[in-house]
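Participant: Data: model15.tsv, TSV, C-alpha atoms.
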chain	number	residue	atom	x	y	z
A	24	GLU	CA	0.05	61.85	-4.95
A	25	PRO	CA	1.15	58.82	-2.92
A	26	GLU	CA	-1.47	56.13	-2.55
A	27	VAL	CA	-2.03	52.81	-0.87
A	28	THR	CA	-2.10	49.88	-3.28
A	29	GLN	CA	-3.51	46.41	-2.78
A	30	THR	CA	-3.15	43.17	-4.71
A	31	PRO	CA	-4.94	41.23	-5.97
A	32	SER	CA	-8.10	43.18	-6.65
A	33	HIS	CA	-10.13	39.97	-6.54
A	34	GLN	CA	-9.20	36.60	-5.06
A	35	VAL	CA	-11.30	33.48	-5.37
A	36	THR	CA	-10.36	30.55	-3.17
A	37	GLN	CA	-11.71	27.26	-1.94
A	38	MET	CA	-12.79	26.88	1.66
A	39	GLY	CA	-9.89	25.71	3.82
A	40	GLN	CA	-7.22	27.25	1.61
A	41	GLU	CA	-4.74	29.86	2.77
A	42	VAL	CA	-4.79	33.31	1.21
A	43	ILE	CA	-2.40	36.21	1.49
A	44	LEU	CA	-3.65	39.70	0.74
A	45	ARG	CA	-1.01	42.25	-0.01
A	46	CYS	CA	-0.83	45.96	0.60
A	47	VAL	CA	1.80	48.60	-0.04
A	48	PRO	CA	1.15	51.48	2.36
A	49	ILE	CA	2.30	55.04	1.76
A	50	SER	CA	6.04	55.00	2.27
A	51	ASN	CA	6.51	57.35	5.23
A	52	HIS	CA	3.47	56.12	7.13
A	53	LEU	CA	3.93	54.41	10.46
A	54	TYR	CA	0.51	52.96	11.26
A	55	PHE	CA	-1.10	50.23	9.20
A	56	TYR	CA	-4.57	48.77	9.34
A	57	TRP	CA	-6.73	46.04	7.87
A	58	TYR	CA	-10.49	46.36	7.67
A	59	ARG	CA	-13.13	44.27	6.03
A	60	GLN	CA	-16.63	44.82	4.81
A	61	ILE	CA	-18.96	41.92	4.33
A	62	LEU	CA	-21.50	42.74	1.66
A	63	GLY	CA	-24.33	44.80	3.08
A	64	GLN	CA	-22.68	45.25	6.46
A	65	LYS	CA	-20.56	47.98	7.95
A	66	VAL	CA	-16.81	48.34	7.73
A	67	GLU	CA	-15.16	46.33	10.51
A	68	PHE	CA	-11.77	46.90	12.03
A	69	LEU	CA	-9.51	43.85	12.01
A	70	VAL	CA	-6.09	44.90	13.18
A	71	SER	CA	-3.68	47.80	13.57
A	72	PHE	CA	0.09	47.50	13.30
A	73	TYR	CA	2.76	49.86	14.52
A	74	ASN	CA	6.46	49.55	15.15
A	75	ASN	CA	6.50	46.05	13.69
A	76	GLU	CA	3.90	44.63	15.97
A	77	ILE	CA	0.16	44.40	16.34
A	78	SER	CA	-1.07	47.32	18.44
A	79	GLU	CA	-4.72	46.35	18.48
A	80	LYS	CA	-6.93	43.61	17.10
A	81	SER	CA	-10.62	42.98	17.06
A	82	GLU	CA	-12.54	39.89	18.11
A	83	ILE	CA	-12.72	38.91	14.44
A	84	PHE	CA	-8.93	38.67	14.22
A	85	ASP	CA	-8.54	35.19	15.65
A	86	ASP	CA	-5.75	32.65	15.26
A	87	GLN	CA	-6.66	32.12	11.62
A	88	PHE	CA	-5.45	35.62	10.81
A	89	SER	CA	-1.95	37.02	10.87
A	90	VAL	CA	-0.25	40.15	9.60
A	91	GLU	CA	3.29	40.79	8.58
A	92	ARG	CA	5.45	43.56	7.28
A	93	PRO	CA	8.12	41.39	5.73
A	94	ASP	CA	10.31	43.89	3.95
A	95	GLY	CA	9.57	47.44	5.06
A	96	SER	CA	7.22	48.17	2.20
A	97	ASN	CA	4.62	45.39	2.01
A	98	PHE	CA	1.99	44.77	4.65
A	99	THR	CA	0.23	41.44	4.34
A	100	LEU	CA	-2.84	39.81	5.81
A	101	LYS	CA	-2.85	36.02	5.86
A	102	ILE	CA	-5.90	33.89	6.45
A	103	ARG	CA	-4.72	30.37	7.18
A	104	SER	CA	-7.83	28.32	6.50
A	105	THR	CA	-10.53	30.32	4.84
A	106	LYS	CA	-14.17	29.91	5.70
A	107	LEU	CA	-17.22	30.89	3.67
A	108	GLU	CA	-17.87	33.75	6.07
A	109	ASP	CA	-14.46	35.26	5.28
A	110	SER	CA	-15.87	36.38	1.93
A	111	ALA	CA	-15.68	40.17	2.06
A	112	MET	CA	-13.92	43.22	0.72
A	113	TYR	CA	-10.65	43.68	2.60
A	114	PHE	CA	-9.21	47.17	2.84
A	115	CYS	CA	-5.74	48.15	3.90
A	116	ALA	CA	-5.11	51.65	5.25
A	117	SER	CA	-2.12	53.57	6.51
A	118	SER	CA	-1.52	56.80	8.39
A	119	TYR	CA	1.50	58.74	9.56
A	120	GLY	CA	0.31	59.27	13.12
A	121	ARG	CA	-2.31	57.58	15.23
A	122	THR	CA	-4.86	60.34	14.76
A	123	ASP	CA	-3.82	61.37	11.28
A	124	THR	CA	-5.87	60.77	8.19
A	125	GLN	CA	-5.99	57.13	7.22
A	126	TYR	CA	-5.56	56.52	3.51
A	127	PHE	CA	-7.35	53.49	2.19
A	128	GLY	CA	-6.33	51.19	-0.61
A	129	PRO	CA	-8.79	50.12	-3.31
A	130	GLY	CA	-9.56	46.84	-1.55
A	131	THR	CA	-9.31	43.14	-2.34
A	132	ARG	CA	-12.54	41.29	-2.87
A	133	LEU	CA	-12.14	37.81	-1.38
A	134	THR	CA	-14.61	35.16	-2.44
A	135	VAL	CA	-14.49	31.84	-0.60
A	136	LEU	CA	-16.29	28.98	-2.35
G	2	ILE	CA	-19.52	47.42	24.12
G	3	LEU	CA	-18.37	50.42	22.10
G	4	ASN	CA	-20.80	51.46	19.42
G	5	VAL	CA	-20.88	54.18	16.82
G	6	GLU	CA	-24.24	55.12	15.38
G	7	GLN	CA	-25.13	57.24	12.40
G	8	SER	CA	-28.42	58.77	11.39
G	9	PRO	CA	-30.25	58.81	9.16
G	10	GLN	CA	-29.44	55.51	7.49
G	11	SER	CA	-30.22	57.01	4.10
G	12	LEU	CA	-31.17	60.34	2.71
G	13	HIS	CA	-32.50	61.56	-0.62
G	14	VAL	CA	-32.22	65.27	-1.34
G	15	GLN	CA	-32.72	67.49	-4.35
G	16	GLU	CA	-29.73	69.12	-6.00
G	17	GLY	CA	-29.06	72.44	-4.30
G	18	ASP	CA	-30.50	71.41	-0.93
G	19	SER	CA	-28.32	71.57	2.12
G	20	THR	CA	-28.26	68.57	4.38
G	21	ASN	CA	-26.70	67.24	7.53
G	22	PHE	CA	-26.30	63.95	9.31
G	23	THR	CA	-25.17	62.77	12.70
G	24	CYS	CA	-22.57	60.47	14.15
G	25	SER	CA	-22.91	59.37	17.79
G	26	PHE	CA	-20.00	57.83	19.64
G	27	PRO	CA	-18.90	57.05	23.21
G	28	SER	CA	-18.21	60.30	25.07
G	29	SER	CA	-15.64	58.81	27.39
G	30	ASN	CA	-12.02	58.13	26.48
G	31	PHE	CA	-12.34	60.03	23.23
G	32	TYR	CA	-9.27	60.29	21.03
G	33	ALA	CA	-10.31	61.06	17.46
G	34	LEU	CA	-13.28	61.07	15.14
G	35	HIS	CA	-12.88	60.52	11.41
G	36	TRP	CA	-15.30	61.25	8.59
G	37	TYR	CA	-15.01	59.40	5.29
G	38	ARG	CA	-16.79	59.61	1.98
G	39	TRP	CA	-17.27	56.27	0.25
G	40	GLU	CA	-18.44	56.00	-3.31
G	41	THR	CA	-19.54	52.69	-4.75
G	42	ALA	CA	-16.66	50.63	-6.16
G	43	LYS	CA	-14.08	52.97	-4.66
G	44	SER	CA	-12.18	53.01	-1.37
G	45	PRO	CA	-13.17	55.30	1.51
G	46	GLU	CA	-11.79	58.80	1.10
G	47	ALA	CA	-10.86	60.72	4.24
G	48	LEU	CA	-12.72	63.98	4.73
G	49	PHE	CA	-11.81	65.09	8.24
G	50	VAL	CA	-10.00	63.98	11.37
G	51	MET	CA	-11.24	65.77	14.47
G	52	THR	CA	-9.65	65.56	17.86
G	53	LEU	CA	-10.70	68.53	19.98
G	54	ASN	CA	-14.09	69.30	21.50
G	55	GLY	CA	-15.62	72.16	19.56
G	56	ASP	CA	-13.55	71.45	16.45
G	57	GLU	CA	-15.05	72.66	13.23
G	58	LYS	CA	-13.56	71.59	9.93
G	59	LYS	CA	-14.44	72.67	6.40
G	60	LYS	CA	-13.58	71.35	2.97
G	61	GLY	CA	-15.37	73.15	0.17
G	62	ARG	CA	-19.10	72.73	0.69
G	63	ILE	CA	-18.66	70.10	3.39
G	64	SER	CA	-18.11	70.93	7.03
G	65	ALA	CA	-18.16	69.06	10.31
G	66	THR	CA	-18.49	69.87	13.98
G	67	LEU	CA	-17.50	67.87	17.03
G	68	ASN	CA	-18.89	67.64	20.54
G	69	THR	CA	-16.85	65.15	22.54
G	70	LYS	CA	-18.61	65.85	25.84
G	71	GLU	CA	-21.94	64.64	24.53
G	72	GLY	CA	-20.52	62.27	21.95
G	73	TYR	CA	-21.72	63.51	18.60
G	74	SER	CA	-20.48	65.00	15.37
G	75	TYR	CA	-22.46	66.61	12.57
G	76	LEU	CA	-21.53	66.59	8.91
G	77	TYR	CA	-23.06	69.34	6.79
G	78	ILE	CA	-23.21	69.57	3.02
G	79	LYS	CA	-24.20	72.93	1.60
G	80	GLY	CA	-25.86	73.05	-1.81
G	81	SER	CA	-25.74	69.29	-2.49
G	82	GLN	CA	-24.62	68.20	-5.95
G	83	PRO	CA	-25.17	64.82	-7.65
G	84	GLU	CA	-21.46	64.07	-7.23
G	85	ASP	CA	-21.96	64.24	-3.45
G	86	SER	CA	-23.95	61.00	-3.69
G	87	ALA	CA	-22.03	58.50	-1.58
G	88	THR	CA	-22.03	56.79	1.78
G	89	TYR	CA	-20.62	58.95	4.56
G	90	LEU	CA	-18.89	57.02	7.32
G	91	CYS	CA	-17.70	58.19	10.67
G	92	ALA	CA	-15.14	56.28	12.72
G	93	PHE	CA	-14.15	56.62	16.36
G	94	THR	CA	-10.86	55.95	18.11
G	95	GLY	CA	-10.57	55.92	21.89
G	96	THR	CA	-7.62	56.82	24.07
G	97	SER	CA	-6.76	53.41	25.31
G	98	TYR	CA	-6.52	51.51	22.08
G	99	ASP	CA	-5.80	51.74	18.38
G	100	LYS	CA	-9.02	50.03	17.38
G	101	VAL	CA	-11.13	52.08	14.99
G	102	ILE	CA	-14.86	51.63	15.22
G	103	PHE	CA	-16.88	52.56	12.19
G	104	GLY	CA	-20.48	53.61	12.13
G	105	PRO	CA	-22.87	51.97	9.67
G	106	GLY	CA	-22.83	55.00	7.37
G	107	THR	CA	-25.37	57.40	5.95
G	108	SER	CA	-26.18	56.84	2.30
G	109	LEU	CA	-26.80	60.12	0.51
G	110	SER	CA	-28.48	60.35	-2.89
G	111	VAL	CA	-28.65	63.74	-4.53
G	112	ILE	CA	-31.32	63.91	-7.21
G	113	PRO	CA	-30.56	66.24	-10.13
Kindly transcribe the structure held in the file into structure tokens.
Facilitator:
Amino acid sequence: EPEVTQTPSHQVTQMGQEVILRCVPISNHLYFYWYRQILGQKVEFLVSFYNNEISEKSEIFDDQFSVERPDGSNFTLKIRSTKLEDSAMYFCASSYGRTDTQYFGPGTRLTVL
Amino acid sequence: ILNVEQSPQSLHVQEGDSTNFTCSFPSSNFYALHWYRWETAKSPEALFVMTLNGDEKKKGRISATLNTKEGYSYLYIKGSQPEDSATYLCAFTGTSYDKVIFGPGTSLSVIP
């Protein structure tokens, strides 16, 4: 069964460093999402991406964040200058249609020191 | 401010008991309501996507209903089993945006 994959599974970085989290969505899906969950808090929407552009972003997704689909298979989330409060589990998800089931990847745990 | 609420926050039931929990969401500009099952150390697993008022969906012992006019959805688990222990999340999408708003989840523990 097709699945969403994410790399790395765990990333440790120093505050102020740039990180890129990678996702490979399911191949025929058209909608892509990033979410995060800070430990003990609820899952938060970051951004949705459709037709090679951001379709929606939350207040969390400020200028420090960017997303890209560089080659038709990968979907990346870049954090330019990480802060301590960026430490969280980051999930990528994809769906075929806007209201279709979203399939989640296993997540990347980002730890900012 | 759009908010999605879930109740109860946590629930402990005996194996074999049936249980249900609630998701409340904005009743205006409704587009879709998702239910997910999330086990510790795993990624959320989609259970249902519901779009129409009055929708009822079923998957094995788990079913869900949707009332978009009053802004709530119920998730039912019949004959709970220990493997049902997980956090159950609902998520709301409105008509005017692609943002998905998650509820805080209901943590279910099924005691053998």
Participant: If you count all atoms listed in the file, which residues fall within 8 Å of Cys46 in chain A, apart from same-chain ones fewer than 5 positions away, as a ChimeraX atom specification?
Facilitator: /A:27-30,97-99,115,128
Participant: What is the CA of Pro45 in chain G-CA of Gly130 in chain A distance in Å, reported with one decimal?
Facilitator: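 Separation between CA of Pro45 in chain G and CA of Gly130 in chain A: 9.7 Å.
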Participant: Once you count only C-alpha atoms, which residues of chain G turn out to be within 9 Å of chain A? Could you give them as a tab-separated table (two decimals) with C-alpha atoms, in the coordinates of the input?
Facilitator:
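Result went into result.tsv, see below:
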chain	number	residue	atom	x	y	z
G	32	TYR	CA	-9.27	60.29	21.03
G	33	ALA	CA	-10.31	61.06	17.46
G	34	LEU	CA	-13.28	61.07	15.14
G	35	HIS	CA	-12.88	60.52	11.41
G	42	ALA	CA	-16.66	50.63	-6.16
G	43	LYS	CA	-14.08	52.97	-4.66
G	44	SER	CA	-12.18	53.01	-1.37
G	45	PRO	CA	-13.17	55.30	1.51
G	46	GLU	CA	-11.79	58.80	1.10
G	47	ALA	CA	-10.86	60.72	4.24
G	48	LEU	CA	-12.72	63.98	4.73
G	49	PHE	CA	-11.81	65.09	8.24
G	50	VAL	CA	-10.00	63.98	11.37
G	51	MET	CA	-11.24	65.77	14.47
G	52	THR	CA	-9.65	65.56	17.86
G	90	LEU	CA	-18.89	57.02	7.32
G	94	THR	CA	-10.86	55.95	18.11
G	98	TYR	CA	-6.52	51.51	22.08
G	99	ASP	CA	-5.80	51.74	18.38
G	100	LYS	CA	-9.02	50.03	17.38
G	101	VAL	CA	-11.13	52.08	14.99
G	102	ILE	CA	-14.86	51.63	15.22
G	103	PHE	CA	-16.88	52.56	12.19
G	104	GLY	CA	-20.48	53.61	12.13
G	105	PRO	CA	-22.87	51.97	9.67
G	106	GLY	CA	-22.83	55.00	7.37
Participant: Which one of A:Ile61, A:Ile83, A:Val135, A:Leu44 sits closest to Pro31 in chain A if you count only C-alpha atoms?
Facilitator: A:Leu44
Participant: Could you please determine the separation between CA of Ser118 in chain A and CA of Arg45 in chain A in Å, to one decimal place?
Facilitator: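 Result for CA of Ser118 in chain A versus CA of Arg45 in chain A: 16.8 Å, one decimal.
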Participant: Restricting the calculation to all atoms listed in the file: of G:Thr41, G:Gln10, G:Thr66, G:Ser74, which residue gets closest to Cys24 in chain G?
Facilitator: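 With all atoms listed in the file as the atom set, the closest residue is G:Ser74.
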